[in-house]
Amino acid sequence: MTFVKEMRIEKSEIHLWQLEQADFELSSLQRHCLAWLTELELKRFQRLQFDRHRKQLLLGRVLMRVALSNYDRSIAAASWNFTYNDYGKPAISEEQNSASLHFNLSHSAGKVVLAVSRFKNIGIDVECARKPRRIAAISQRYFSKIEADELLILPEDQQQSRFYDLWTLKEAYIKACGKGFTIPLQHFSYGFLGDDKLTVEFDAQLYDVESMWQLWQLSAGPDFKLAIAAKTGKEGLVHRLSGWRLIGLDKFFEQEVQVVRSK
């Protein structure tokens, strides 16, 4: 287990926090953490019909709050305040963000992940990649032409893996921009060079610059795809990715971050 007085994160780092839903029980979470939710979050929680969805929502908030309290021990997990932009992306309230931290959350199936950094434009996406998709129809509608063409010429048994590679990278970028699906997914294209390199190309209407971004695909187990995007600029490159897994409200251990591909 890891116990620290206060965790530090440099500008050249991104911290990846993860948890597995199977490590937690909903009844215990409700007793200890339901009061952490804001009024709006609580209403959303109560509208959910299935326990698995309630557990997923609650664990996302738990991971977010517990992780952030390791960077500022003066703020209890229950006491964080957040603001939301016009597209629903959360951020730490200005009066509490003395450490200049930014974060992004994602969840899929039994996994919840959180990226923490000092870069405002940070996005993360995790997807359970074993779920079948209508790959041809979705890729031709939502991916750029070059992405769809390169995907559909792959052998059929490789297409689902590449589909989720693309989907997680695209979601990570639009989440980092903070505008979600108002950004058309067709307006930027990813390429895969060899076994470990990524490229990205933006259409002119995005008014974005490829050299300002760093991208990573990370190992997340055989059934998941995981991607992070960060607008680091030319001078603020990230050189280290560190990881932790939360296994209790006050228990976590350091976990190796394995990079599959990067830009």
# chains A, B, ... in the order shown; residues from 1 in each chain; ligands from 1

call {"tool": "select_by_dssp", "arguments": {"residues": "segment 39-245 of chain A", "states": "strand (DSSP E)", "output": "VMD selection string"}}
result
chain A and resid 82 to 84 90 to 92 102 to 108 111 to 117 122 to 128 188 to 193 197 to 202 213 to 218 224 to 231 240 to 245

call {"tool": "residues_around", "arguments": {"residues": "Asp203 of chain A", "least_positions_apart": "2", "cutoff": "6 Å", "atoms": "only C-alpha atoms", "output": "ChimeraX atom specification"}}
result
/A:187-188,205-206

call {"tool": "closest_residue", "arguments": {"among": "A:Asp250, A:Tyr71, A:Gly194, A:Ile146", "to": "Val116 of chain A", "atoms": "only C-alpha atoms"}}
result
A:Tyr71

call {"tool": "atom_distance", "arguments": {"atom1": "atom CA of Ile228 of chain A", "atom2": "atom CA of Asp195 of chain A"}}
result
17.5 Å

call {"tool": "atom_distance", "arguments": {"atom1": "atom CA of Cys177 of chain A", "atom2": "atom CA of Asn85 of chain A"}}
result
11.1 Å

call {"tool": "residues_around", "arguments": {"residues": "Lys234 of chain A", "least_positions_apart": "5", "cutoff": "10 Å", "atoms": "only C-alpha atoms", "output": "PyMOL selection string"}}
result
chain A and resi 211-214

call {"tool": "select_by_dssp", "arguments": {"residues": "segment 170-212 of chain A", "states": "alpha helix (DSSP H)", "output": "ChimeraX atom specification"}}
result
/A:170-177

call {"tool": "write_last_selection", "arguments": {"atoms": "N, CA and C atoms", "output": "short mmCIF file (atom, residue, chain, number, x, y, z; two decimals), in the first residue's frame"}}
result
data_model
loop_
_atom_site.label_atom_id
_atom_site.label_comp_id
_atom_site.auth_asym_id
_atom_site.auth_seq_id
_atom_site.Cartn_x
_atom_site.Cartn_y
_atom_site.Cartn_z
N LYS A 170 -10.28 9.26 -30.25
CA LYS A 170 -11.13 10.37 -30.63
C LYS A 170 -11.87 10.96 -29.42
N GLU A 171 -12.39 10.08 -28.57
CA GLU A 171 -13.08 10.58 -27.38
C GLU A 171 -12.12 11.31 -26.45
N ALA A 172 -10.90 10.79 -26.29
CA ALA A 172 -9.93 11.45 -25.43
C ALA A 172 -9.67 12.87 -25.91
N TYR A 173 -9.55 13.05 -27.23
CA TYR A 173 -9.28 14.39 -27.77
C TYR A 173 -10.46 15.33 -27.55
N ILE A 174 -11.68 14.91 -27.89
CA ILE A 174 -12.81 15.83 -27.75
C ILE A 174 -13.10 16.13 -26.28
N LYS A 175 -12.80 15.17 -25.39
CA LYS A 175 -12.98 15.45 -23.97
C LYS A 175 -11.91 16.42 -23.47
N ALA A 176 -10.69 16.30 -23.98
CA ALA A 176 -9.64 17.24 -23.61
C ALA A 176 -9.98 18.65 -24.06
N CYS A 177 -10.59 18.77 -25.24
CA CYS A 177 -11.00 20.09 -25.73
C CYS A 177 -12.15 20.66 -24.91
#

call {"tool": "closest_residue", "arguments": {"among": "A:Leu19, A:Leu169, A:Glu95, A:Arg65", "to": "Phe252 of chain A", "atoms": "only C-alpha atoms"}}
result
A:Leu19

call {"tool": "decode", "arguments": {"residues": "segment 127-196 of chain A", "atoms": "C-alpha atoms", "output": "CSV table (one decimal), in the first residue's frame"}}
result
chain,number,residue,atom,x,y,z
A,127,GLU,CA,-13.9,1.3,-23.5
A,128,CYS,CA,-14.7,-2.3,-23.1
A,129,ALA,CA,-13.5,-3.6,-26.4
A,130,ARG,CA,-15.2,-7.0,-26.4
A,131,LYS,CA,-18.6,-5.5,-27.2
A,132,PRO,CA,-19.4,-6.1,-30.9
A,133,ARG,CA,-20.1,-3.0,-33.0
A,134,ARG,CA,-21.5,-2.4,-36.5
A,135,ILE,CA,-18.0,-1.4,-37.5
A,136,ALA,CA,-18.5,-0.6,-41.2
A,137,ALA,CA,-21.6,1.6,-40.6
A,138,ILE,CA,-20.2,3.4,-37.6
A,139,SER,CA,-16.7,4.1,-39.1
A,140,GLN,CA,-18.1,5.4,-42.4
A,141,ARG,CA,-20.4,7.7,-40.5
A,142,TYR,CA,-18.2,9.0,-37.7
A,143,PHE,CA,-14.5,8.5,-38.8
A,144,SER,CA,-12.6,10.4,-41.4
A,145,LYS,CA,-12.5,8.8,-44.8
A,146,ILE,CA,-8.9,7.8,-44.5
A,147,GLU,CA,-9.5,6.2,-41.1
A,148,ALA,CA,-12.5,4.3,-42.3
A,149,ASP,CA,-10.7,3.1,-45.4
A,150,GLU,CA,-7.7,1.9,-43.5
A,151,LEU,CA,-9.9,0.2,-40.9
A,152,LEU,CA,-12.0,-1.7,-43.4
A,153,ILE,CA,-9.1,-3.1,-45.4
A,154,LEU,CA,-7.7,-4.8,-42.3
A,155,PRO,CA,-8.5,-8.5,-41.9
A,156,GLU,CA,-11.9,-8.9,-40.3
A,157,ASP,CA,-10.5,-10.4,-37.1
A,158,GLN,CA,-8.4,-7.2,-36.6
A,159,GLN,CA,-11.1,-4.6,-37.3
A,160,GLN,CA,-12.8,-4.5,-33.9
A,161,SER,CA,-9.5,-3.9,-32.1
A,162,ARG,CA,-8.6,-1.0,-34.4
A,163,PHE,CA,-12.2,0.4,-34.2
A,164,TYR,CA,-11.8,0.8,-30.4
A,165,ASP,CA,-8.2,2.2,-30.8
A,166,LEU,CA,-9.7,4.9,-32.9
A,167,TRP,CA,-12.8,5.5,-30.8
A,168,THR,CA,-10.9,5.9,-27.5
A,169,LEU,CA,-8.4,8.3,-29.1
A,170,LYS,CA,-11.1,10.4,-30.6
A,171,GLU,CA,-13.1,10.6,-27.4
A,172,ALA,CA,-9.9,11.5,-25.4
A,173,TYR,CA,-9.3,14.4,-27.8
A,174,ILE,CA,-12.8,15.8,-27.8
A,175,LYS,CA,-13.0,15.4,-24.0
A,176,ALA,CA,-9.6,17.2,-23.6
A,177,CYS,CA,-11.0,20.1,-25.7
A,178,GLY,CA,-14.0,20.2,-23.4
A,179,LYS,CA,-16.6,20.4,-26.1
A,180,GLY,CA,-17.6,16.7,-26.4
A,181,PHE,CA,-19.4,15.6,-29.5
A,182,THR,CA,-19.9,19.1,-30.8
A,183,ILE,CA,-16.5,18.5,-32.4
A,184,PRO,CA,-17.2,16.3,-35.5
A,185,LEU,CA,-15.1,13.1,-35.3
A,186,GLN,CA,-14.5,13.2,-39.0
A,187,HIS,CA,-12.5,16.5,-38.7
A,188,PHE,CA,-9.4,14.8,-37.4
A,189,SER,CA,-7.6,11.6,-38.4
A,190,TYR,CA,-5.3,9.2,-36.5
A,191,GLY,CA,-2.6,7.1,-38.1
A,192,PHE,CA,-0.7,4.1,-36.7
A,193,LEU,CA,3.0,3.9,-37.5
A,194,GLY,CA,4.7,0.6,-36.8
A,195,ASP,CA,3.8,-0.9,-33.4
A,196,ASP,CA,4.2,2.0,-31.1
